Amino acid sequence: MRKLLSVQGVGLVLVSKKSNAKNLKIRIHPEKGILVTIPYRSSYTEAEKFVHTNIEWIKEKTKLLSKHEKTKIFTPDSIFKTRASEVKFEYDANSLIRAHISENTLLFKYNSAKIDFEDQDIQNFIKKCILKLLVNEARVYLPIRYKLLSNRHNIFARKLSVGTASTNWGVCNSKNDIRLSCRLLLLPDHLIDYIILHEMCHIKHKNHGNDFHKMLNYLSNNQSKELNKELKSFSTHIIPGDFS
């Protein structure tokens, strides 16, 4: 059960009753806002009082989160580099904002007097263009890594393709077609190889059973657990940074 409360001083709070919750808990989500979990037996009045008791903590965490989220916004001062590509910004009085890809450079021309870089539509436009840049580079880079690993281990997909998925790094279907996300370019080389090996193992094993994990661990030099743990610290989200 869920209920949306309006709490003076912090605004909207989403309260969820859960049967497995033992205590009242608060967390701040970058997109969903203030989330409170309470035991099923507790009342929403108790939840509101709990929020008021922790109001200073909520304000401080919300402030810190806001600062952190701003570092993910693209501005003319932002850096975005991959192994072979780069994003640049150039002021142009005659533009609102437009983009042009030339070889491995994505150039944005903009007029800061006419646009707000914090506007979500502007951010979406920038990320959409960067995604095209990543696809171009990934179609060159990822098949090279795949060919090297498939030849080394004598495991071959029926077809390899590159997509833009943000929900997974790669996928292998029932026909043994492997599709890799261009967002793999946001990872270091050894994790790109790990994802490719993961999908290659699905050519032999269609689930994540013991045989699959044994094979993946063998192909990754007995480093599967460590690599998988490291992978969880990375995101498919496109944010400013030097990924070269």
# chains A, B, ... in the order shown; residues from 1 in each chain; ligands from 1

$ residues_around --residues "Leu197 of chain A" --least-positions-apart "2" --cutoff "9 Å" --atoms "only C-alpha atoms" --output "list in words"
Tyr146, Leu149, Ser150, Ile192, Asp193, Tyr194, Ile195, Glu199, Met200, Cys201, His202, Leu216, Leu219 and Ser220 of chain A

$ write_last_selection --atoms "C-alpha atoms" --output "short mmCIF file (atom, residue, chain, number, x, y, z; two decimals), in the first residue's frame"
data_model
loop_
_atom_site.label_atom_id
_atom_site.label_comp_id
_atom_site.auth_asym_id
_atom_site.auth_seq_id
_atom_site.Cartn_x
_atom_site.Cartn_y
_atom_site.Cartn_z
CA TYR A 146 34.21 -9.57 -30.21
CA LEU A 149 37.50 -13.05 -28.05
CA SER A 150 35.45 -15.35 -30.27
CA ILE A 192 33.72 -4.55 -22.12
CA ASP A 193 35.44 -7.89 -22.68
CA TYR A 194 33.64 -9.33 -19.65
CA ILE A 195 30.23 -8.36 -21.08
CA GLU A 199 26.92 -13.00 -24.00
CA MET A 200 29.18 -15.56 -25.68
CA CYS A 201 28.50 -17.96 -22.80
CA HIS A 202 24.79 -17.65 -23.57
CA LEU A 216 31.99 -17.46 -17.61
CA LEU A 219 36.72 -17.60 -19.69
CA SER A 220 37.31 -14.59 -17.44
#

$ closest_residue --among "A:Val10, A:Leu107, A:Val171, A:Leu35" --to "Lys59 of chain A" --atoms "only C-alpha atoms"
A:Val10

$ residues_around --residues "Gln8 of chain A" --least-positions-apart "3" --cutoff "10 Å" --atoms "only C-alpha atoms" --output "list in words"
Leu5, Gly11, Leu12, Glu48, Val51, His52 and Ile55 of chain A

$ write_last_selection --atoms "C-alpha atoms" --output "PDB file, in the first residue's frame"
ATOM      1  CA  LEU A   5       1.611  12.840   1.762  1.00  0.00           C
ATOM      2  CA  GLY A  11       6.796  18.824   0.216  1.00  0.00           C
ATOM      3  CA  LEU A  12       5.537  15.514  -1.179  1.00  0.00           C
ATOM      4  CA  GLU A  48       4.280  11.915   8.912  1.00  0.00           C
ATOM      5  CA  VAL A  51       9.307  12.727   8.636  1.00  0.00           C
ATOM      6  CA  HIS A  52       8.957  15.786  10.891  1.00  0.00           C
ATOM      7  CA  ILE A  55      13.253  17.026   8.668  1.00  0.00           C
TER       8      ILE A  55
END

$ select_by_dssp --residues "segment 151-205 of chain A" --states "alpha helix (DSSP H)" --output "NGL selection string"
:A and (151-153 or 189-204)

$ write_last_selection --atoms "N, CA and C atoms" --output "mmCIF file, in the first residue's frame"
data_model
loop_
_atom_site.group_PDB
_atom_site.id
_atom_site.type_symbol
_atom_site.label_atom_id
_atom_site.label_comp_id
_atom_site.auth_asym_id
_atom_site.auth_seq_id
_atom_site.Cartn_x
_atom_site.Cartn_y
_atom_site.Cartn_z
ATOM 1 N N ASN A 151 37.494 -15.685 -31.565
ATOM 2 C CA ASN A 151 38.563 -16.496 -32.152
ATOM 3 C C ASN A 151 39.398 -17.172 -31.079
ATOM 4 N N ARG A 152 39.617 -16.468 -29.986
ATOM 5 C CA ARG A 152 40.428 -17.014 -28.897
ATOM 6 C C ARG A 152 39.741 -18.218 -28.261
ATOM 7 N N HIS A 153 38.420 -18.141 -28.094
ATOM 8 C CA HIS A 153 37.691 -19.195 -27.374
ATOM 9 C C HIS A 153 36.880 -20.102 -28.296
ATOM 10 N N ASP A 189 38.145 -1.241 -20.767
ATOM 11 C CA ASP A 189 38.299 -2.349 -21.718
ATOM 12 C C ASP A 189 38.011 -3.718 -21.101
ATOM 13 N N HIS A 190 38.517 -3.961 -19.891
ATOM 14 C CA HIS A 190 38.363 -5.299 -19.312
ATOM 15 C C HIS A 190 36.902 -5.625 -18.993
ATOM 16 N N LEU A 191 36.082 -4.604 -18.707
ATOM 17 C CA LEU A 191 34.671 -4.854 -18.451
ATOM 18 C C LEU A 191 33.884 -5.010 -19.750
ATOM 19 N N ILE A 192 34.323 -4.323 -20.802
ATOM 20 C CA ILE A 192 33.715 -4.553 -22.120
ATOM 21 C C ILE A 192 33.927 -6.010 -22.516
ATOM 22 N N ASP A 193 35.141 -6.497 -22.354
ATOM 23 C CA ASP A 193 35.438 -7.891 -22.679
ATOM 24 C C ASP A 193 34.608 -8.844 -21.822
ATOM 25 N N TYR A 194 34.420 -8.485 -20.562
ATOM 26 C CA TYR A 194 33.637 -9.331 -19.654
ATOM 27 C C TYR A 194 32.182 -9.448 -20.123
ATOM 28 N N ILE A 195 31.606 -8.335 -20.568
ATOM 29 C CA ILE A 195 30.225 -8.360 -21.078
ATOM 30 C C ILE A 195 30.140 -9.209 -22.344
ATOM 31 N N ILE A 196 31.101 -9.047 -23.234
ATOM 32 C CA ILE A 196 31.101 -9.842 -24.468
ATOM 33 C C ILE A 196 31.220 -11.336 -24.139
ATOM 34 N N LEU A 197 32.101 -11.679 -23.210
ATOM 35 C CA LEU A 197 32.232 -13.072 -22.779
ATOM 36 C C LEU A 197 30.928 -13.591 -22.170
ATOM 37 N N HIS A 198 30.272 -12.733 -21.399
ATOM 38 C CA HIS A 198 28.987 -13.085 -20.792
ATOM 39 C C HIS A 198 27.985 -13.516 -21.876
ATOM 40 N N GLU A 199 27.876 -12.692 -22.926
ATOM 41 C CA GLU A 199 26.921 -13.004 -23.995
ATOM 42 C C GLU A 199 27.373 -14.219 -24.813
ATOM 43 N N MET A 200 28.676 -14.383 -24.974
ATOM 44 C CA MET A 200 29.180 -15.564 -25.684
ATOM 45 C C MET A 200 28.844 -16.841 -24.919
ATOM 46 N N CYS A 201 28.856 -16.784 -23.603
ATOM 47 C CA CYS A 201 28.500 -17.959 -22.799
ATOM 48 C C CYS A 201 27.037 -18.350 -23.001
ATOM 49 N N HIS A 202 26.205 -17.353 -23.330
ATOM 50 C CA HIS A 202 24.786 -17.647 -23.567
ATOM 51 C C HIS A 202 24.572 -18.403 -24.884
ATOM 52 N N ILE A 203 25.568 -18.411 -25.743
ATOM 53 C CA ILE A 203 25.479 -19.233 -26.956
ATOM 54 C C ILE A 203 25.470 -20.714 -26.563
ATOM 55 N N LYS A 204 26.194 -21.028 -25.503
ATOM 56 C CA LYS A 204 26.256 -22.418 -25.017
ATOM 57 C C LYS A 204 25.203 -22.699 -23.943
#

$ closest_residue --among "A:Ala113, A:Leu106, A:Leu186, A:Ala93" --to "Ala138 of chain A" --atoms "only C-alpha atoms"
A:Leu186

$ closest_residue --among "A:Tyr40, A:Tyr141, A:Tyr218, A:Phe156" --to "Cys182 of chain A" --atoms "only C-alpha atoms"
A:Tyr141

$ closest_atom_pairs --of "segment 162-224 of chain A" --to "segment 228-244 of chain A" --cutoff "8 Å" --atoms "only C-alpha atoms" --output "JSON lines"
{"residue": "A:Ser166", "atom": "CA", "partner": "A:Thr236", "partner_atom": "CA", "distance": 5.6}
{"residue": "A:Thr167", "atom": "CA", "partner": "A:Thr236", "partner_atom": "CA", "distance": 7.6}
{"residue": "A:Asn168", "atom": "CA", "partner": "A:Thr236", "partner_atom": "CA", "distance": 7.9}
{"residue": "A:Trp169", "atom": "CA", "partner": "A:Thr236", "partner_atom": "CA", "distance": 7.7}
{"residue": "A:Arg183", "atom": "CA", "partner": "A:Thr236", "partner_atom": "CA", "distance": 5.9}
{"residue": "A:Leu184", "atom": "CA", "partner": "A:Thr236", "partner_atom": "CA", "distance": 7.8}
{"residue": "A:Leu185", "atom": "CA", "partner": "A:Phe243", "partner_atom": "CA", "distance": 7.5}
{"residue": "A:Leu186", "atom": "CA", "partner": "A:Phe243", "partner_atom": "CA", "distance": 5.7}
{"residue": "A:Leu187", "atom": "CA", "partner": "A:Phe243", "partner_atom": "CA", "distance": 7.3}
{"residue": "A:Pro188", "atom": "CA", "partner": "A:Phe243", "partner_atom": "CA", "distance": 7.8}
{"residue": "A:Leu191", "atom": "CA", "partner": "A:Leu231", "partner_atom": "CA", "distance": 6.8}
{"residue": "A:Ser224", "atom": "CA", "partner": "A:Asn228", "partner_atom": "CA", "distance": 6.0}

$ write_last_selection --atoms "N, CA and C atoms" --output "PDB file, in the first residue's frame"
ATOM      1  N   SER A 166      19.571   0.873 -22.850  1.00  0.00           N
ATOM      2  CA  SER A 166      20.029   1.433 -21.579  1.00  0.00           C
ATOM      3  C   SER A 166      19.693   0.513 -20.412  1.00  0.00           C
ATOM      4  N   THR A 167      18.901  -0.531 -20.670  1.00  0.00           N
ATOM      5  CA  THR A 167      18.504  -1.444 -19.595  1.00  0.00           C
ATOM      6  C   THR A 167      19.466  -2.612 -19.422  1.00  0.00           C
ATOM      7  N   ASN A 168      20.274  -2.889 -20.442  1.00  0.00           N
ATOM      8  CA  ASN A 168      21.284  -3.939 -20.313  1.00  0.00           C
ATOM      9  C   ASN A 168      22.460  -3.619 -21.231  1.00  0.00           C
ATOM     10  N   TRP A 169      23.608  -4.187 -20.886  1.00  0.00           N
ATOM     11  CA  TRP A 169      24.827  -3.942 -21.666  1.00  0.00           C
ATOM     12  C   TRP A 169      24.849  -4.772 -22.947  1.00  0.00           C
ATOM     13  N   ARG A 183      26.589   1.787 -25.262  1.00  0.00           N
ATOM     14  CA  ARG A 183      26.961   2.361 -23.966  1.00  0.00           C
ATOM     15  C   ARG A 183      28.105   1.594 -23.306  1.00  0.00           C
ATOM     16  N   LEU A 184      28.473   0.453 -23.900  1.00  0.00           N
ATOM     17  CA  LEU A 184      29.657  -0.276 -23.418  1.00  0.00           C
ATOM     18  C   LEU A 184      30.908   0.592 -23.482  1.00  0.00           C
ATOM     19  N   LEU A 185      30.899   1.597 -24.373  1.00  0.00           N
ATOM     20  CA  LEU A 185      32.062   2.472 -24.493  1.00  0.00           C
ATOM     21  C   LEU A 185      32.271   3.319 -23.241  1.00  0.00           C
ATOM     22  N   LEU A 186      31.297   3.315 -22.330  1.00  0.00           N
ATOM     23  CA  LEU A 186      31.432   4.031 -21.066  1.00  0.00           C
ATOM     24  C   LEU A 186      32.167   3.192 -20.031  1.00  0.00           C
ATOM     25  N   LEU A 187      32.536   1.961 -20.413  1.00  0.00           N
ATOM     26  CA  LEU A 187      33.231   1.039 -19.510  1.00  0.00           C
ATOM     27  C   LEU A 187      34.705   0.924 -19.875  1.00  0.00           C
ATOM     28  N   PRO A 188      35.547   0.542 -18.910  1.00  0.00           N
ATOM     29  CA  PRO A 188      36.946   0.223 -19.251  1.00  0.00           C
ATOM     30  C   PRO A 188      37.023  -1.049 -20.082  1.00  0.00           C
ATOM     31  N   LEU A 191      36.082  -4.604 -18.707  1.00  0.00           N
ATOM     32  CA  LEU A 191      34.671  -4.854 -18.451  1.00  0.00           C
ATOM     33  C   LEU A 191      33.884  -5.010 -19.750  1.00  0.00           C
ATOM     34  N   SER A 224      35.260 -13.786 -12.447  1.00  0.00           N
ATOM     35  CA  SER A 224      33.870 -13.424 -12.726  1.00  0.00           C
ATOM     36  C   SER A 224      33.214 -12.648 -11.592  1.00  0.00           C
TER      37      SER A 224
END

$ residues_around --residues "Arg98 of chain A" --least-positions-apart "4" --cutoff "8 Å" --atoms "only C-alpha atoms" --output "list in words"
Phe108, Lys109 and Tyr110 of chain A

$ residues_around --residues "Glu137 of chain A" --least-positions-apart "5" --cutoff "12 Å" --atoms "only C-alpha atoms" --output "list in words"
Lys81, Thr82, Arg83, Ala84, Ser85, Glu86, Ile101, Glu103, Asn104, Thr105, Leu106, Ile130, Leu131, Lys132, Leu142, Pro143, Ile144, Val162, Gly163, Ser181, Cys182, Arg183, Leu184, Leu185 and Leu186 of chain A

$ atom_distance --atom1 "atom CA of Glu46 of chain A" --atom2 "atom CA of Val15 of chain A"
10.6 Å

$ select_by_dssp --residues "segment 90-217 of chain A" --states "strand (DSSP E)" --output "MDAnalysis selection string"
chainID A and resid 90:91 97:102 105:110 159:163 170:172 177:181

$ closest_residue --among "A:Gly170, A:Ile178, A:Asn207, A:Ser43" --to "Ile155 of chain A" --atoms "only C-alpha atoms"
A:Ile178

$ atom_distance --atom1 "atom CA of Phe125 of chain A" --atom2 "atom CA of Thr164 of chain A"
15.2 Å

$ atom_distance --atom1 "atom CA of Pro39 of chain A" --atom2 "atom CA of Asn23 of chain A"
6.2 Å

$ residues_around --residues "Ile122 of chain A" --least-positions-apart "3" --cutoff "12 Å" --atoms "only C-alpha atoms" --output "ChimeraX atom specification"
/A:73-75,96-99,108,110,112,114-119,125-129

$ closest_residue --among "A:Gln123, A:Asn222, A:Ala47, A:Ile58" --to "Lys72 of chain A" --atoms "only C-alpha atoms"
A:Gln123

$ closest_residue --among "A:Ser16, A:Leu24, A:Val87, A:Leu160" --to "Lys49 of chain A" --atoms "only C-alpha atoms"
A:Leu24

$ decode --residues "segment 195-226 of chain A" --atoms "N, CA and C atoms" --output "compact mmCIF listing (two decimals), in the first residue's frame"
# COMPACT_ATOMS: atom_id res chain seq x y z
N ILE A 195 31.61 -8.33 -20.57
CA ILE A 195 30.23 -8.36 -21.08
C ILE A 195 30.14 -9.21 -22.34
N ILE A 196 31.10 -9.05 -23.23
CA ILE A 196 31.10 -9.84 -24.47
C ILE A 196 31.22 -11.34 -24.14
N LEU A 197 32.10 -11.68 -23.21
CA LEU A 197 32.23 -13.07 -22.78
C LEU A 197 30.93 -13.59 -22.17
N HIS A 198 30.27 -12.73 -21.40
CA HIS A 198 28.99 -13.08 -20.79
C HIS A 198 27.99 -13.52 -21.88
N GLU A 199 27.88 -12.69 -22.93
CA GLU A 199 26.92 -13.00 -24.00
C GLU A 199 27.37 -14.22 -24.81
N MET A 200 28.68 -14.38 -24.97
CA MET A 200 29.18 -15.56 -25.68
C MET A 200 28.84 -16.84 -24.92
N CYS A 201 28.86 -16.78 -23.60
CA CYS A 201 28.50 -17.96 -22.80
C CYS A 201 27.04 -18.35 -23.00
N HIS A 202 26.20 -17.35 -23.33
CA HIS A 202 24.79 -17.65 -23.57
C HIS A 202 24.57 -18.40 -24.88
N ILE A 203 25.57 -18.41 -25.74
CA ILE A 203 25.48 -19.23 -26.96
C ILE A 203 25.47 -20.71 -26.56
N LYS A 204 26.19 -21.03 -25.50
CA LYS A 204 26.26 -22.42 -25.02
C LYS A 204 25.20 -22.70 -23.94
N HIS A 205 24.89 -21.71 -23.13
CA HIS A 205 23.96 -21.89 -22.01
C HIS A 205 22.96 -20.74 -22.00
N LYS A 206 21.69 -21.05 -22.20
CA LYS A 206 20.66 -20.02 -22.38
C LYS A 206 20.13 -19.43 -21.08
N ASN A 207 20.60 -19.91 -19.95
CA ASN A 207 20.15 -19.35 -18.67
C ASN A 207 21.37 -18.99 -17.83
N HIS A 208 21.11 -18.57 -16.59
CA HIS A 208 22.21 -18.21 -15.68
C HIS A 208 22.43 -19.30 -14.63
N GLY A 209 22.37 -20.55 -15.08
CA GLY A 209 22.58 -21.67 -14.17
C GLY A 209 24.05 -21.89 -13.84
N ASN A 210 24.32 -22.96 -13.14
CA ASN A 210 25.68 -23.27 -12.69
C ASN A 210 26.65 -23.45 -13.85
N ASP A 211 26.21 -24.14 -14.90
CA ASP A 211 27.09 -24.37 -16.04
C ASP A 211 27.48 -23.06 -16.71
N PHE A 212 26.51 -22.14 -16.79
CA PHE A 212 26.81 -20.82 -17.36
C PHE A 212 27.88 -20.11 -16.54
N HIS A 213 27.68 -20.06 -15.24
CA HIS A 213 28.62 -19.33 -14.37
C HIS A 213 30.00 -19.99 -14.34
N LYS A 214 30.04 -21.30 -14.41
CA LYS A 214 31.33 -22.01 -14.47
C LYS A 214 32.09 -21.62 -15.74
N MET A 215 31.37 -21.57 -16.85
CA MET A 215 31.99 -21.24 -18.12
C MET A 215 32.47 -19.78 -18.12
N LEU A 216 31.62 -18.87 -17.64
CA LEU A 216 31.99 -17.46 -17.61
C LEU A 216 33.20 -17.23 -16.71
N ASN A 217 33.21 -17.90 -15.58
CA ASN A 217 34.34 -17.75 -14.66
C ASN A 217 35.63 -18.28 -15.29
N TYR A 218 35.52 -19.40 -16.01
CA TYR A 218 36.69 -19.97 -16.69
C TYR A 218 37.21 -19.02 -17.77
N LEU A 219 36.30 -18.49 -18.60
CA LEU A 219 36.72 -17.60 -19.69
C LEU A 219 37.27 -16.26 -19.18
N SER A 220 36.85 -15.87 -17.99
CA SER A 220 37.31 -14.59 -17.44
C SER A 220 38.43 -14.78 -16.42
N ASN A 221 39.15 -15.89 -16.57
CA ASN A 221 40.33 -16.17 -15.74
C ASN A 221 40.00 -16.20 -14.24
N ASN A 222 38.88 -16.83 -13.93
CA ASN A 222 38.44 -16.98 -12.53
C ASN A 222 38.22 -15.64 -11.82
N GLN A 223 37.83 -14.64 -12.60
CA GLN A 223 37.61 -13.31 -12.04
C GLN A 223 36.15 -12.87 -12.17
N SER A 224 35.26 -13.79 -12.45
CA SER A 224 33.87 -13.42 -12.73
C SER A 224 33.21 -12.65 -11.59
N LYS A 225 33.34 -13.11 -10.37
CA LYS A 225 32.70 -12.43 -9.23
C LYS A 225 33.24 -11.02 -9.06
N GLU A 226 34.56 -10.88 -9.15
CA GLU A 226 35.18 -9.57 -8.98
C GLU A 226 34.76 -8.60 -10.08
